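Content type PDB, C-alpha atoms and all ligand atoms, from the file my_file.pdb:
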ATOM      1  CA  MET X 107      11.856  45.826 -24.549  1.00  0.00           C
ATOM      2  CA  VAL X 108      12.673  42.557 -22.772  1.00  0.00           C
ATOM      3  CA  ILE X 109       9.590  40.407 -22.252  1.00  0.00           C
ATOM      4  CA  ILE X 110       9.693  37.369 -19.992  1.00  0.00           C
ATOM      5  CA  ILE X 111       7.152  34.582 -20.368  1.00  0.00           C
ATOM      6  CA  THR X 112       6.758  32.406 -17.303  1.00  0.00           C
ATOM      7  CA  GLY X 113       4.240  29.864 -16.015  1.00  0.00           C
ATOM      8  CA  THR X 114       3.768  26.209 -15.144  1.00  0.00           C
ATOM      9  CA  PRO X 115       5.120  23.721 -17.721  1.00  0.00           C
ATOM     10  CA  GLY X 116       2.437  22.868 -20.285  1.00  0.00           C
ATOM     11  CA  THR X 117       0.452  26.077 -19.925  1.00  0.00           C
ATOM     12  CA  GLY X 118       1.588  27.286 -23.362  1.00  0.00           C
ATOM     13  CA  LYS X 119       4.608  29.524 -22.761  1.00  0.00           C
ATOM     14  CA  THR X 120       6.605  28.405 -25.780  1.00  0.00           C
ATOM     15  CA  THR X 121       3.670  28.597 -28.173  1.00  0.00           C
ATOM     16  CA  TYR X 122       2.782  32.091 -26.983  1.00  0.00           C
ATOM     17  CA  ALA X 123       6.386  33.336 -26.760  1.00  0.00           C
ATOM     18  CA  LYS X 124       7.223  32.228 -30.304  1.00  0.00           C
ATOM     19  CA  GLN X 125       4.059  33.836 -31.692  1.00  0.00           C
ATOM     20  CA  LEU X 126       4.801  37.082 -29.865  1.00  0.00           C
ATOM     21  CA  ALA X 127       8.443  37.094 -31.000  1.00  0.00           C
ATOM     22  CA  ALA X 128       7.348  36.592 -34.613  1.00  0.00           C
ATOM     23  CA  LYS X 129       4.731  39.337 -34.330  1.00  0.00           C
ATOM     24  CA  LEU X 130       7.125  41.875 -32.799  1.00  0.00           C
ATOM     25  CA  GLY X 131      10.189  40.768 -34.784  1.00  0.00           C
ATOM     26  CA  TYR X 132      12.029  40.074 -31.514  1.00  0.00           C
ATOM     27  CA  THR X 133      14.659  37.473 -30.727  1.00  0.00           C
ATOM     28  CA  TYR X 134      13.206  34.377 -29.073  1.00  0.00           C
ATOM     29  CA  LEU X 135      15.249  32.774 -26.305  1.00  0.00           C
ATOM     30  CA  ASP X 136      14.399  29.368 -24.873  1.00  0.00           C
ATOM     31  CA  LEU X 137      15.777  29.553 -21.339  1.00  0.00           C
ATOM     32  CA  ASN X 138      15.860  25.766 -20.855  1.00  0.00           C
ATOM     33  CA  GLU X 139      17.900  25.335 -24.044  1.00  0.00           C
ATOM     34  CA  PHE X 140      20.218  28.122 -22.915  1.00  0.00           C
ATOM     35  CA  ILE X 141      20.739  26.395 -19.540  1.00  0.00           C
ATOM     36  CA  ILE X 142      21.524  23.070 -21.206  1.00  0.00           C
ATOM     37  CA  GLN X 143      23.765  24.487 -23.949  1.00  0.00           C
ATOM     38  CA  ARG X 144      25.842  26.488 -21.478  1.00  0.00           C
ATOM     39  CA  GLY X 145      25.921  23.735 -18.856  1.00  0.00           C
ATOM     40  CA  LEU X 146      24.337  26.003 -16.243  1.00  0.00           C
ATOM     41  CA  HIS X 147      23.015  23.134 -14.180  1.00  0.00           C
ATOM     42  CA  GLU X 148      24.253  20.450 -11.836  1.00  0.00           C
ATOM     43  CA  GLY X 149      22.456  17.537 -13.482  1.00  0.00           C
ATOM     44  CA  LYS X 150      18.956  16.245 -13.026  1.00  0.00           C
ATOM     45  CA  ASP X 151      17.039  15.957  -9.807  1.00  0.00           C
ATOM     46  CA  PRO X 152      16.176  12.234 -10.028  1.00  0.00           C
ATOM     47  CA  LEU X 153      13.115  12.594  -7.815  1.00  0.00           C
ATOM     48  CA  ARG X 154      11.546  15.473  -9.711  1.00  0.00           C
ATOM     49  CA  ASP X 155      12.945  14.795 -13.195  1.00  0.00           C
ATOM     50  CA  THR X 156      13.951  18.437 -13.527  1.00  0.00           C
ATOM     51  CA  LEU X 157      17.301  20.176 -13.965  1.00  0.00           C
ATOM     52  CA  ILE X 158      19.077  21.498 -10.886  1.00  0.00           C
ATOM     53  CA  VAL X 159      19.855  24.973 -12.205  1.00  0.00           C
ATOM     54  CA  ASP X 160      22.808  27.038 -11.031  1.00  0.00           C
ATOM     55  CA  GLU X 161      20.762  30.230 -10.781  1.00  0.00           C
ATOM     56  CA  GLU X 162      23.692  32.531 -10.097  1.00  0.00           C
ATOM     57  CA  ALA X 163      25.624  31.215 -13.100  1.00  0.00           C
ATOM     58  CA  LEU X 164      22.469  31.509 -15.198  1.00  0.00           C
ATOM     59  CA  LEU X 165      22.088  35.217 -14.465  1.00  0.00           C
ATOM     60  CA  THR X 166      25.811  35.844 -15.008  1.00  0.00           C
ATOM     61  CA  ALA X 167      25.564  34.258 -18.469  1.00  0.00           C
ATOM     62  CA  LEU X 168      22.179  35.674 -19.391  1.00  0.00           C
ATOM     63  CA  LEU X 169      22.305  39.332 -18.354  1.00  0.00           C
ATOM     64  CA  PRO X 170      25.003  40.437 -20.849  1.00  0.00           C
ATOM     65  CA  LYS X 171      23.010  38.754 -23.603  1.00  0.00           C
ATOM     66  CA  ILE X 172      19.858  40.648 -22.643  1.00  0.00           C
ATOM     67  CA  VAL X 173      21.675  43.955 -22.331  1.00  0.00           C
ATOM     68  CA  ALA X 174      23.258  43.426 -25.762  1.00  0.00           C
ATOM     69  CA  ASN X 175      19.909  42.606 -27.349  1.00  0.00           C
ATOM     70  CA  PRO X 176      17.049  44.320 -25.556  1.00  0.00           C
ATOM     71  CA  GLU X 177      14.465  43.225 -28.147  1.00  0.00           C
ATOM     72  CA  MET X 178      14.098  39.799 -26.671  1.00  0.00           C
ATOM     73  CA  ILE X 179      11.417  37.391 -25.528  1.00  0.00           C
ATOM     74  CA  VAL X 180      12.653  35.021 -22.822  1.00  0.00           C
ATOM     75  CA  ASP X 181      10.621  31.824 -22.508  1.00  0.00           C
ATOM     76  CA  GLY X 182      10.956  29.680 -19.407  1.00  0.00           C
ATOM     77  CA  HIS X 183       9.569  28.904 -15.998  1.00  0.00           C
ATOM     78  CA  LEU X 184      12.669  30.476 -14.415  1.00  0.00           C
ATOM     79  CA  SER X 185      12.554  33.648 -16.508  1.00  0.00           C
ATOM     80  CA  HIS X 186      10.961  35.591 -13.637  1.00  0.00           C
ATOM     81  CA  GLU X 187      14.250  35.267 -11.759  1.00  0.00           C
ATOM     82  CA  ILE X 188      15.719  37.873 -14.116  1.00  0.00           C
ATOM     83  CA  PRO X 189      15.937  41.109 -12.100  1.00  0.00           C
ATOM     84  CA  LYS X 190      13.056  43.478 -12.741  1.00  0.00           C
ATOM     85  CA  GLU X 191      15.484  46.253 -13.744  1.00  0.00           C
ATOM     86  CA  ASN X 192      16.288  44.189 -16.853  1.00  0.00           C
ATOM     87  CA  VAL X 193      12.685  43.364 -17.721  1.00  0.00           C
ATOM     88  CA  THR X 194      10.097  45.570 -19.415  1.00  0.00           C
ATOM     89  CA  LYS X 195       7.173  43.190 -19.223  1.00  0.00           C
ATOM     90  CA  CYS X 196       6.403  39.946 -17.377  1.00  0.00           C
ATOM     91  CA  ILE X 197       3.692  37.670 -18.721  1.00  0.00           C
ATOM     92  CA  VAL X 198       2.427  34.691 -16.723  1.00  0.00           C
ATOM     93  CA  ILE X 199       0.731  32.071 -18.882  1.00  0.00           C
ATOM     94  CA  LYS X 200      -2.129  30.166 -17.310  1.00  0.00           C
ATOM     95  CA  CYS X 201      -4.268  27.216 -18.318  1.00  0.00           C
ATOM     96  CA  GLU X 202      -7.428  25.647 -16.952  1.00  0.00           C
ATOM     97  CA  LEU X 203      -6.588  22.531 -14.889  1.00  0.00           C
ATOM     98  CA  LYS X 204      -8.380  19.789 -16.882  1.00  0.00           C
ATOM     99  CA  GLU X 205      -6.815  21.095 -20.094  1.00  0.00           C
ATOM    100  CA  LEU X 206      -3.387  21.343 -18.442  1.00  0.00           C
ATOM    101  CA  GLU X 207      -3.671  17.770 -17.152  1.00  0.00           C
ATOM    102  CA  LYS X 208      -4.422  16.600 -20.705  1.00  0.00           C
ATOM    103  CA  ARG X 209      -1.422  18.464 -22.106  1.00  0.00           C
ATOM    104  CA  LEU X 210       0.954  17.127 -19.434  1.00  0.00           C
ATOM    105  CA  LYS X 211      -0.247  13.538 -19.862  1.00  0.00           C
ATOM    106  CA  ALA X 212       0.180  13.890 -23.633  1.00  0.00           C
ATOM    107  CA  ARG X 213       3.832  14.704 -22.928  1.00  0.00           C
ATOM    108  CA  GLY X 214       4.205  11.361 -21.194  1.00  0.00           C
ATOM    109  CA  TYR X 215       4.880  12.882 -17.785  1.00  0.00           C
ATOM    110  CA  SER X 216       4.628  10.531 -14.793  1.00  0.00           C
ATOM    111  CA  ASP X 217       1.534  10.804 -12.583  1.00  0.00           C
ATOM    112  CA  GLU X 218       3.742  12.411  -9.955  1.00  0.00           C
ATOM    113  CA  LYS X 219       5.083  15.032 -12.334  1.00  0.00           C
ATOM    114  CA  VAL X 220       1.585  15.787 -13.619  1.00  0.00           C
ATOM    115  CA  ARG X 221       0.396  16.222 -10.011  1.00  0.00           C
ATOM    116  CA  GLU X 222       3.324  18.454  -9.112  1.00  0.00           C
ATOM    117  CA  ASN X 223       2.668  20.740 -12.076  1.00  0.00           C
ATOM    118  CA  LEU X 224      -1.078  20.863 -11.453  1.00  0.00           C
ATOM    119  CA  ASP X 225      -0.363  21.845  -7.846  1.00  0.00           C
ATOM    120  CA  ALA X 226       1.976  24.591  -9.076  1.00  0.00           C
ATOM    121  CA  GLU X 227      -0.812  25.865 -11.329  1.00  0.00           C
ATOM    122  CA  ILE X 228      -3.454  25.684  -8.568  1.00  0.00           C
ATOM    123  CA  PHE X 229      -1.235  27.639  -6.177  1.00  0.00           C
ATOM    124  CA  ASP X 230      -0.150  30.127  -8.871  1.00  0.00           C
ATOM    125  CA  THR X 231       3.466  29.423  -7.986  1.00  0.00           C
ATOM    126  CA  SER X 232       4.904  31.203 -11.043  1.00  0.00           C
ATOM    127  CA  LEU X 233       2.750  34.269 -10.477  1.00  0.00           C
ATOM    128  CA  HIS X 234       3.684  34.494  -6.797  1.00  0.00           C
ATOM    129  CA  GLU X 235       7.369  33.969  -7.516  1.00  0.00           C
ATOM    130  CA  ALA X 236       7.280  36.609 -10.255  1.00  0.00           C
ATOM    131  CA  GLU X 237       5.690  39.036  -7.792  1.00  0.00           C
ATOM    132  CA  GLU X 238       8.286  38.145  -5.160  1.00  0.00           C
ATOM    133  CA  TYR X 239      10.945  39.154  -7.685  1.00  0.00           C
ATOM    134  CA  GLY X 240       9.138  42.478  -8.024  1.00  0.00           C
ATOM    135  CA  HIS X 241       7.587  41.934 -11.451  1.00  0.00           C
ATOM    136  CA  LYS X 242       4.179  43.359 -12.217  1.00  0.00           C
ATOM    137  CA  ALA X 243       2.742  40.351 -13.980  1.00  0.00           C
ATOM    138  CA  GLU X 244       0.173  40.295 -16.767  1.00  0.00           C
ATOM    139  CA  ILE X 245      -1.810  37.058 -17.062  1.00  0.00           C
ATOM    140  CA  VAL X 246      -2.595  35.394 -20.382  1.00  0.00           C
ATOM    141  CA  TRP X 247      -4.910  32.369 -20.530  1.00  0.00           C
ATOM    142  CA  THR X 248      -4.297  29.749 -23.228  1.00  0.00           C
ATOM    143  CA  SER X 249      -7.505  27.891 -22.464  1.00  0.00           C
ATOM    144  CA  GLU X 250     -10.958  29.051 -21.599  1.00  0.00           C
ATOM    145  CA  LYS X 251     -10.642  30.977 -18.361  1.00  0.00           C
ATOM    146  CA  PRO X 252     -12.387  29.222 -15.418  1.00  0.00           C
ATOM    147  CA  SER X 253     -15.581  31.201 -14.836  1.00  0.00           C
ATOM    148  CA  VAL X 254     -15.277  31.207 -11.035  1.00  0.00           C
ATOM    149  CA  LEU X 255     -12.034  33.135 -11.235  1.00  0.00           C
ATOM    150  CA  ASP X 256     -11.773  36.799 -11.909  1.00  0.00           C
ATOM    151  CA  LYS X 257      -8.144  37.096 -12.995  1.00  0.00           C
TER     152      LYS X 257
HETATM  153  P1  LIG K   1       5.019  25.323 -22.215  1.00  0.00           P
HETATM  154  O1  LIG K   1       6.060  26.041 -23.039  1.00  0.00           O
HETATM  155  O2  LIG K   1       4.400  26.198 -21.174  1.00  0.00           O
HETATM  156  O3  LIG K   1       5.495  24.039 -21.628  1.00  0.00           O
HETATM  157  P2  LIG K   1       3.776  24.716 -24.795  1.00  0.00           P
HETATM  158  O4  LIG K   1       3.764  26.019 -25.533  1.00  0.00           O
HETATM  159  O5  LIG K   1       4.849  23.738 -25.156  1.00  0.00           O
HETATM  160  O6  LIG K   1       3.812  24.955 -23.211  1.00  0.00           O
HETATM  161  O7  LIG K   1       2.318  24.106 -24.989  1.00  0.00           O
HETATM  162  C1  LIG K   1       1.952  22.881 -24.360  1.00  0.00           C
HETATM  163  C2  LIG K   1       0.891  22.209 -25.205  1.00  0.00           C
HETATM  164  O8  LIG K   1      -0.276  22.994 -25.201  1.00  0.00           O
HETATM  165  C3  LIG K   1       1.282  22.017 -26.667  1.00  0.00           C
HETATM  166  O9  LIG K   1       0.793  20.763 -27.061  1.00  0.00           O
HETATM  167  C4  LIG K   1       0.550  23.100 -27.407  1.00  0.00           C
HETATM  168  C5  LIG K   1      -0.660  23.351 -26.523  1.00  0.00           C
HETATM  169  N1  LIG K   1      -1.072  24.758 -26.536  1.00  0.00           N
HETATM  170  C6  LIG K   1      -0.287  25.825 -26.225  1.00  0.00           C
HETATM  171  N2  LIG K   1      -0.971  26.977 -26.344  1.00  0.00           N
HETATM  172  C7  LIG K   1      -2.219  26.636 -26.704  1.00  0.00           C
HETATM  173  C8  LIG K   1      -3.432  27.384 -26.974  1.00  0.00           C
HETATM  174  N3  LIG K   1      -3.475  28.718 -26.896  1.00  0.00           N
HETATM  175  N4  LIG K   1      -4.545  26.695 -27.326  1.00  0.00           N
HETATM  176  C9  LIG K   1      -4.516  25.354 -27.404  1.00  0.00           C
HETATM  177  N5  LIG K   1      -3.425  24.586 -27.162  1.00  0.00           N
HETATM  178  C10 LIG K   1      -2.309  25.220 -26.824  1.00  0.00           C
END

Show me, as structure tokens, the structure contained in the file I just sent.
Amino acid sequence: MVIIITGTPGTGKTTYAKQLAAKLGYTYLDLNEFIIQRGLHEGKDPLRDTLIVDEEALLTALLPKIVANPEMIVDGHLSHEIPKENVTKCIVIKCELKELEKRLKARGYSDEKVRENLDAEIFDTSLHEAEEYGHKAEIVWTSEKPSVLDK
């Protein structure tokens, strides 16, 4: 079973993914680390302070690894770009906005980067992208779920 854990930065992907990997005895893969170690990016986008990822090269490097070890948890906000044929389960991690803002500020993110990530969370960007890639996403909240939402 290959489980992908996606969501806005700061929502709690890594915490959840590592706990799940330990519980299931699965291999944990940090997709950002993988991208950096293999040089699967074209540097940093100076405006957004994020890596410009070579998505085609990422899949070429990643898919054989997943096929070779199907008991894997893949943690990263790009993990939903893995084709659905190679994924058993897609989990989108979500977090209430005030709590997410606190977490992002605690990371020392600029106001702009905090805003950008809050917007991504408000618009459910990860969830929509995951669905666009054909994944049937399951949502996990790492904060108290906002009462007005029924997700
Ligand atoms: P991500 O991998 O999505 O960037 P993370 O796992 O690094 O997120 O967590 C971001 C911060 O939030 C970190 O300080 C730990 C905290 N956190 C994660 N899951 C949590 C939870 N279920 N309850 C409270 N805090 C949590």

request  = With only C-alpha atoms and all ligand atoms counted, collect every polymer residue having an atom within 8 Å of ligand LIG 1 (chain K); state the result as a ChimeraX atom specification.
outcome  = /X:112-123,181-183,199,206,209-210,212-213,247-249

First collect every listed atom of segment 210-223 of chain X; then fit an axis-aligned box around them, widen it by 4 Å on each side, and give centre and edge lengths in Å to one decimal, as JSON.
{"center_x": 2.4, "center_y": 15.6, "center_z": -16.4, "size_x": 13.3, "size_y": 18.2, "size_z": 22.5}

request  = Enumerate, as a PyMOL selection string, the protein, DNA and RNA residues whose atoms approach (20.1, 43.5, -27.8) to within 12 Å, taking into account all atoms listed in the file and the coordinate frame of the file.
outcome  = chain X and resi 107-108+132-135+168-179+192

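Nearest-residue note for Gln143 of chain X: choosing from X:Ile188, X:Cys201, X:Ile109, X:Ala167, the minimum distance belongs to X:Ala167, counting all atoms listed in the file.
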
query = Do you know which residues are at most 8 Å from segment 196-198 of chain X counting all atoms listed in the file, after dropping those on the same chain fewer than 2 positions away, and could you put them as a PyMOL selection string?
reply = chain X and resi 109-113+186+193-194+200+232-233+236+241-246

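Using all atoms listed in the file, the protein and nucleic acid residues lying no more than 10 Å from segment 160-166 of chain X, apart from those fewer than 2 places from it along its own chain, are Leu137, Phe140, Ile141, Arg144, Gly145, Leu146, His147, Glu148, Gly149, Leu157, Ile158, Leu168, Leu169, Pro170, Lys171, Leu184, Ser185, Glu187, Ile188 and Pro189 of chain X.
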
note = atom CA of Glu205 of chain X to atom CA of Asp155 of chain X measures 21.9 Å

task = Between atom CA of Lys219 of chain X and atom CA of Arg154 of chain X, measure the distance and give it in Å to one decimal.
result = 7.0 Å

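With atom CA of Val220 of chain X on one side and atom CA of Pro252 of chain X on the other, the separation reads 19.5 Å.
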
ask   = Which of these, X:Asp151, X:Glu222, X:Glu250, X:Glu139, has the shortest distance to Lys204 of chain X once you count only C-alpha atoms?
value = X:Glu250

inquiry  = Please return as an MDAnalysis selection string every residue within 9 Å of (-7.2, 21.7, -9.9), taking into account all atoms listed in the file and the file's own coordinates.
reply    = chainID X and resid 202:204 207 224:225 227:228
